[in-house]
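Novice: Supplied in structure tokens, the structure appears directly below.
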Amino acid sequence: MEVLACGVDAGGRKLPSNAWMALRRLGWTASTPAGVKVNDRIARMAQEQAGRALRSVIWRADVTAGVLATWPAEPRHRTHAEWEHVRASIPGGGHLPSSLIKGRTRQVVRFRAAHGRLPVDVFELERVPKVPRMLLLAACDKQQATIERSETNPGRVLLRLQLPTRPDPRAYRDWTWVECPIILPPTVPPGAALHLPTLRVAGDTVYADLAYSHPVPEARRAGHTVALGVDWGVNTTGAAAANASQPVIAIDDDEYDIPACDADDPDFDHNCDDEDEEEDESELRDTYLDARQVPGDVITSGDLELAAQQAAAIPSELHGLVDPDWAFVGPSNVGGRVTDIAPDKTTPGTVYVAVATAGLWKSVDGGASMIKTWPDDYPQAIGAVTVAPNGDIWVGTGEVNPGGGSLSYGGDGLYRSTDHGATWKRVGLAGSSTIGAIRFNPQDPNVVYVAAGGSLFASGGIRGLYKSTDYGATWTRVLAGVNDYTGATDIAMDPSNPDKLFVPMWDHHRESLCRCYAGPGTGLYLTTDGGSNWTRLENNRITAFTPGDSVGFASSTSTTTTAQARMAVAIAPNNPNRVYVTTGNWSQAASGGGQTQRGFRGFYRSNDGGATFQTMSNANAGGDTVWTSKIWVDPGNADRLFIAGVDLRVSANAGSTWSNVTSLHADHAMAWDPNTANLAYQGNDGGFYRSASNGANGTWTKAQNQPWTQFYSVDVSEQSIDRIVGGAQDNGCLRSWNSSGVVTGAWGSYGGCGDGLYTVIDPSNHNFVYACSQFGVCSRSVNGGNNSSSFTNATTANRRNWQTPVVLDSSTPSTVYYGGNILNRSLNRAVNFTAISPSLSNPAPAPTRRTRTAHSPRWQPPRPTRMSSTPGLTTAGCGEPRTAARPGPGSPTRHCRTDGSPAWPSTRRMPPSPT
């Protein structure tokens with residue numbers, strides 16, 4: 001009870017806000033009688049119901065003990081001293097509302113009246129908790145229950161849920177879908193988003209406690225002529241007053257503004273509620289994670305649907321940038337990250353390409369040109385695509401590969417198209433967040449397997465291997481991870497025995513201080529009966545280890561040199577006895593591509609269908625093993641295979657030796673056309689390619705029209721709106737004009753960037769441009785980017801983030817600010833720099849000249865901002881977890897100074913610019 005109440009597990013991690021997730025983290029299970037078959041969602045509801053009561057046991061006991069230990073002479077009217085005494089007797093009592101203490105006091109008074117004495121403790125004061133007959137459907141997902149409005153009558157709702165057909169269901173066939181029509185009260189707005197209700201049984205009646213959400217347009221912050229104040233106190237609920245004497249100006253919340261208490265409250269002028277109590281500095285997170293992780297729940301499909309409804313409800317006069325007249329300006333010749341490729345066996349020449357953040361694309365000419373075949377208002381992050389034996393297209397949303405930026409965007413489940421991508425329908429697994437693979441049983445196409453990776457930022461949800469035997473109508477998890485952070489990333493199916501599967505499971509998640517990409521849940525699993533039984537591959541199958549690999553297939557709890565990171569597996573299509581496996585490391589202590597750092601550690605080959613494995617040469621594909629970790633085997637040659645890292649590595653002798661595939665971009669996906677011999681497809685961070693020579697070096701051709709480049713930044717010339725620069729993920733710093741200054745539609749690169757990060761055009765003269773690559777490696781150009789010179793060595797900093805900011809003074813563009821942990825300023829367009837601040841983050845070592853460090857999510861550098869409305873005022877924000885001041889959830893610490901002042905005091909928030 002104490003562990004559950006404190007909210008932290010034995011490993012020091014915060015427990016999830018969902019009670020069922022917290023109980024599972026602590027190892028508390030909900031068991032069923034022998035022979036009774038229920039799915040995990042039913043157990044989840046039971047755990048949620050129990051967890052909500054159990055979570056408050058310690059708190060109720062502490063409050064009761066404190067009230068009893070300080071029982072007042074007149075319990076209905078404590079004196080000021082008695083109030084101080086009772087609060088001091090309750091842990092955290094100084095922050096408790098007086099109403100809670102009053103309520104517990106009234107319970108004790110009633111007990112004393114009935115028994116003539118005070119109770120011993122909370123267990124005598126409170127009755128044994130009853131287990132109400134209820135279903136907390138909010139703890140489920142759409143595999144257990146759905147709710148939809150009538151298309152013709154918004155006042156009617158249809159609730160569908162799976163219920164047992166007998167008191168003791170023995171198999172999943174003893175469960176069936178039941179439809180429950182509900183008539184909504186008129187108080188529910190027609191456009192409200194409905195959430196799964198709690199069902200309560202009273203006699204022969206079932207009551208549905210239905211929650212709903214509806215959008216409220218955001219009020220403008222200034223210019224109002226009427227102010228409305230409402231008192232929500234229990235004695236005066238709804239009382240309102242209006243003042244129309246002066247225009248209303250919105251004022252930022254004051255963190256020190258403590259709300260007043262009623263004059264007759266015992267705590268008057270002593271203690272008032274403050275629900276916005278500041279968090280401890282150790283709990284600070286970066287703002288990216290705040291939006292996705294706090295309070296630790298998975299972003300569900302319902303959240304996405306609600307957001308879409310809210311966007312649709314915005315009045316047209318408030319649309320702003322929602323739907324202005326946009327025109328595409330490029331680039332279409334650069335491309336971007338491709339995650340999966342699916343040739344269509346039923347339609348020769350057609351191939352589907354999944355893009356990391358731009359939906360699904362289609363080629364009908366064998367990969368020469370591309371057209372989009374995915375709705376703009378669907379999740380754009382795609383993790384997997386495949387073509388069913390009947391020609392239907394199946395897409396899994398959400399990318400499972402957290403690349404160099406250590407993030408991937410989630411989706412909302414699985415989609416299917418029966419008309420070659422013209423229309424789409426979601427077919428389940430809405431809470432999966434990321435999907436790594438989809439496979440069909442070719443002998444029974446109704447059988448579908450899906451590898452669900454789960455959310456990168458939160459535990460739980462739909463993770464593992466899921467199976468459908470009715471073409472996606474229902475789903476069952478047939479392989480679960482050993483913990484709430486383990487999901488499936490791929491599926492290798494034996495072409496001669498579709499019931500035989502190899503599935504790599506990956507234990508991974510991201511926190512603000514940890515890219516936790518290895519863990520005991522990582523491993524390779526084998527089933528030979530379609531998922532009914534599983535065997536984890538262990539080291540007893542390995543006859544010889546790869547030199548330098550001391551881990552093999554074994555589970556590992558290490559986070560450094562012997563960590564077990566993402567694994568890959570593949571079966572040769574023309575020889576099912578040939579199985580290939582790669583293993584990798586992920587060290588929290590050292591970056592780099594070595595076997596004990598974050599690179600590929602072992603490579604193994606089986607010639608007997610996975611019964612035994614022998615080591616072969618390590619492919620050394622370069623880069624972090626978690627980026628892709630995939631193997632592809634030539635469908636016509638079991639000895640020829642490819643492994644993806646930064647490089648695409650190929651072996652022609654079953655892994656004995658390796659070489660690089662040339663003329664390709666970094667980071668990879670791959671497939672072969674089943675209808676055209678030797679036609680191979682390749683996807684990578686540079687886009688989509690095809691080879692008519694089976695992938696031989698020098699034969700890869702890039703497809704036309706690939707408008708899906710991922711941008712970190714963008715800037716536009718003030719002299720010519722056609723001159724645009726942008727920093728692109730793994731595609732450098734790009735510009736829209738050529739060396740002659742002509743905008744042709746074909747974008748090129750400048751500045752010599754790897755990943756393109758900050759890109760800036762001088763607003764007074766667009767020939768002065770700036771370009772930054774990762775970790776603050778920046779350059780300047782005086783001729784529009786034709787030639788560039790680095791200025792990083794002229795700056796002073798101890799640490800530079802992945803995306804180190806460069807900002808020009810809007811009033812004097814020749815003044816350039818550069819922000820490592822120390823803010824630098826140049827007065828001559830980045831020729832020379834002067835450090836103008838101390839270290840604005842902790843710890844603060846002595847400043848040195850440029851020092852390259854590995855990217856760490858632990859620290860965010862200062863982001864300088866020049867206030868156009870306040871000449872001489874410069875601000876720099878730091879989001880490091882160990883800052884001196886706590887600005888409030890999700891906000892960076894901000895330091896400011898006026899020119900000429902040596903001090904950089906921290907400030908809680910900056911006033912908005914009046915312009």
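Each chain in the structure tokens gets a letter, A, B, ..., in the order shown, and its residues are numbered from 1; ligands are numbered from 1 in order too.
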Neighbours of Ser433 of chain A within 6 Å (only C-alpha atoms; same-chain residues fewer than 4 positions away dropped), as a ChimeraX atom specification?
Specialist: /A:398,410-412,454-455
Novice: For the selection just defined, write its residues with all heavy atoms to a file, as a PDB file, in the first residue's frame.
Specialist:
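Written out: out-v1.pdb:
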```pdb
ATOM      1  N   GLY A 398       2.121   4.795 -37.245  1.00  0.00           N
ATOM      2  CA  GLY A 398       3.070   4.967 -36.150  1.00  0.00           C
ATOM      3  C   GLY A 398       4.382   4.280 -36.438  1.00  0.00           C
ATOM      4  O   GLY A 398       4.437   3.076 -36.680  1.00  0.00           O
ATOM      5  N   GLY A 410       3.651   8.624 -33.242  1.00  0.00           N
ATOM      6  CA  GLY A 410       2.705   7.526 -33.122  1.00  0.00           C
ATOM      7  C   GLY A 410       1.528   7.663 -34.069  1.00  0.00           C
ATOM      8  O   GLY A 410       1.290   8.715 -34.674  1.00  0.00           O
ATOM      9  N   GLY A 411       0.783   6.583 -34.182  1.00  0.00           N
ATOM     10  CA  GLY A 411      -0.418   6.555 -34.996  1.00  0.00           C
ATOM     11  C   GLY A 411      -1.607   6.109 -34.181  1.00  0.00           C
ATOM     12  O   GLY A 411      -1.587   6.137 -32.948  1.00  0.00           O
ATOM     13  N   ASP A 412      -2.660   5.673 -34.855  1.00  0.00           N
ATOM     14  CA  ASP A 412      -3.863   5.253 -34.142  1.00  0.00           C
ATOM     15  C   ASP A 412      -4.397   3.928 -34.663  1.00  0.00           C
ATOM     16  O   ASP A 412      -5.595   3.707 -34.717  1.00  0.00           O
ATOM     17  CB  ASP A 412      -4.935   6.334 -34.214  1.00  0.00           C
ATOM     18  CG  ASP A 412      -5.446   6.593 -35.629  1.00  0.00           C
ATOM     19  OD1 ASP A 412      -4.852   6.057 -36.591  1.00  0.00           O
ATOM     20  OD2 ASP A 412      -6.434   7.325 -35.780  1.00  0.00           O
ATOM     21  N   GLY A 454       4.123  -0.347 -29.614  1.00  0.00           N
ATOM     22  CA  GLY A 454       3.695   0.441 -28.477  1.00  0.00           C
ATOM     23  C   GLY A 454       4.263   1.844 -28.504  1.00  0.00           C
ATOM     24  O   GLY A 454       5.098   2.202 -29.333  1.00  0.00           O
ATOM     25  N   SER A 455       3.812   2.666 -27.566  1.00  0.00           N
ATOM     26  CA  SER A 455       4.254   4.053 -27.488  1.00  0.00           C
ATOM     27  C   SER A 455       5.705   4.130 -27.051  1.00  0.00           C
ATOM     28  O   SER A 455       6.138   3.390 -26.175  1.00  0.00           O
ATOM     29  CB  SER A 455       3.376   4.824 -26.499  1.00  0.00           C
ATOM     30  OG  SER A 455       3.914   6.103 -26.252  1.00  0.00           O
TER      31      SER A 455
END
```
Novice: Using DSSP on the backbone coordinates, identify the residues of segment 474-584 of chain A assigned to strand (DSSP E); present them as a ChimeraX atom specification.
Specialist: /A:476-479,486-488,492-494,497-507,509-511,514-516,523-527,535-536,568-572,575-584
Novice: Please list as a PyMOL selection string every residue within 9 Å of Ala666 of chain A, counting only C-alpha atoms and excluding residues in the same chain fewer than 3 positions away.
Specialist: chain A and resi 644-648+684-686+730
Novice: At a cut-off of 12 Å, using only C-alpha atoms, what residues contact Glu74 of chain A? Leave out same-chain residues fewer than 6 positions from it and give the result as a PyMOL selection string.
Specialist: chain A and resi 82-83+105-106+109
Novice: Please identify all polymer residues within 7 Å of segment 502-507 of chain A, counting only C-alpha atoms, omitting same-chain residues fewer than 6 positions from it, and present them as a JSON list (two decimals) with C-alpha atoms, in the first residue's frame.
Specialist:
```json
[["chain", "number", "residue", "atom", "x", "y", "z"],
["A", 485, "TYR", "CA", 7.72, -1.32, -22.29],
["A", 486, "THR", "CA", 8.26, -4.38, -24.52],
["A", 487, "GLY", "CA", 6.67, -4.61, -27.96],
["A", 488, "ALA", "CA", 7.13, -6.46, -31.23],
["A", 489, "THR", "CA", 9.07, -4.86, -34.09],
["A", 490, "ASP", "CA", 9.00, -7.41, -36.95],
["A", 491, "ILE", "CA", 7.71, -10.81, -38.09],
["A", 492, "ALA", "CA", 9.58, -13.49, -40.04],
["A", 493, "MET", "CA", 7.18, -16.11, -41.44],
["A", 517, "TYR", "CA", 16.56, 1.34, -25.69],
["A", 518, "ALA", "CA", 17.65, -1.94, -24.10],
["A", 519, "GLY", "CA", 16.19, -4.13, -21.38],
["A", 520, "PRO", "CA", 15.35, -7.62, -20.16],
["A", 521, "GLY", "CA", 12.27, -7.79, -22.39],
["A", 522, "THR", "CA", 14.35, -7.75, -25.57],
["A", 523, "GLY", "CA", 14.62, -11.16, -27.20],
["A", 524, "LEU", "CA", 13.78, -13.39, -30.14],
["A", 525, "TYR", "CA", 10.71, -15.67, -29.92],
["A", 526, "LEU", "CA", 9.65, -18.69, -31.98],
["A", 527, "THR", "CA", 6.28, -20.34, -32.45],
["A", 566, "ARG", "CA", 16.90, -4.29, -30.80],
["A", 567, "MET", "CA", 17.29, -7.56, -32.73],
["A", 568, "ALA", "CA", 16.51, -8.51, -36.33]]
```
Novice: Taking only C-alpha atoms into account, which of A:Arg649, A:His509, A:Arg156, A:Arg477 comes nearest Asp667 of chain A?
Specialist: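 Distance minimum relative to Asp667 of chain A lands on A:Arg649.
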Novice: Interatomic distance between atom CA of Ser841 of chain A and atom CA of Trp802 of chain A?
Specialist: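 We find that atom CA of Ser841 of chain A and atom CA of Trp802 of chain A lie 15.9 Å from each other.
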Novice: Counting only C-alpha atoms, which of A:Asp809, A:Met370, A:Asn765, A:Gly66 gets nearest to Glu84 of chain A?
Specialist: A:Gly66
Novice: What lies within 8 Å of Trp475 of chain A using only C-alpha atoms, ignoring chain neighbours under 5 positions off, as a list in words?
Specialist: Gln143, Gly428, Leu429, Tyr466, Lys467, Ser468 and Thr469 of chain A
Novice: Could you give me, as a PyMOL selection string, the residues within 9 Å of His420 of chain A, counting only C-alpha atoms and dropping anything in the same chain fewer than 6 positions from it?
Specialist: chain A and resi 373+391-393
Novice: I'd like a table as CSV: residues in segment 368-486 of chain A with an atom no more than 8 Å from segment 339-358 of chain A, each row giving the shortest atom pair and its distance in Å to one decimal, only C-alpha atoms counted, sorted by chain and rising residue number.
Specialist:
```
residue,atom,partner,partner_atom,distance
A:Gln380,CA,A:Ala358,CA,4.9
A:Ala381,CA,A:Thr357,CA,4.3
A:Ile382,CA,A:Ala356,CA,5.3
A:Gly383,CA,A:Thr339,CA,5.9
A:Ala384,CA,A:Asp340,CA,5.5
A:Val385,CA,A:Ala342,CA,6.0
A:Thr386,CA,A:Ala342,CA,5.1
A:Val387,CA,A:Asp344,CA,5.9
A:Pro389,CA,A:Thr346,CA,7.6
A:Asn390,CA,A:Thr346,CA,7.3
A:Gly391,CA,A:Thr346,CA,5.7
A:Glu399,CA,A:Ala356,CA,6.3
A:Tyr409,CA,A:Thr357,CA,7.6
```
Novice: What does the distance from atom CA of Ala451 of chain A to atom CA of Tyr415 of chain A come to in Å, to one decimal?
Specialist: 14.1 Å
Novice: Using only C-alpha atoms, find the one residue out of A:Leu96, A:Leu840, A:Ala34, A:Ala208 that sits nearest to Arg170 of chain A.
Specialist: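 Going through A:Leu96, A:Leu840, A:Ala34, A:Ala208 one by one, the smallest distance to Arg170 of chain A is for A:Ala34.
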Novice: Check the smallest atom-to-atom distance from each of A:Val448, A:Val395, A:Ile58, A:Ile761 to Val807 of chain A using only C-alpha atoms, then report the winner.
Specialist: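 The closest residue to Val807 of chain A is A:Ile761.
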Novice: Expressed in Å to a single decimal, how great is the separation between atom CA of Gly203 of chain A and atom CA of Lys142 of chain A?
Specialist: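 Separation of atom CA of Gly203 of chain A and atom CA of Lys142 of chain A: 27.6 Å.
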Novice: Find, counting only C-alpha atoms, the residue in A:Trp700, A:Asp121, A:Arg133, A:Ile182 that gets nearest to Glu148 of chain A.
Specialist: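 Checking each candidate against Glu148 of chain A, we get A:Ile182 as the closest.
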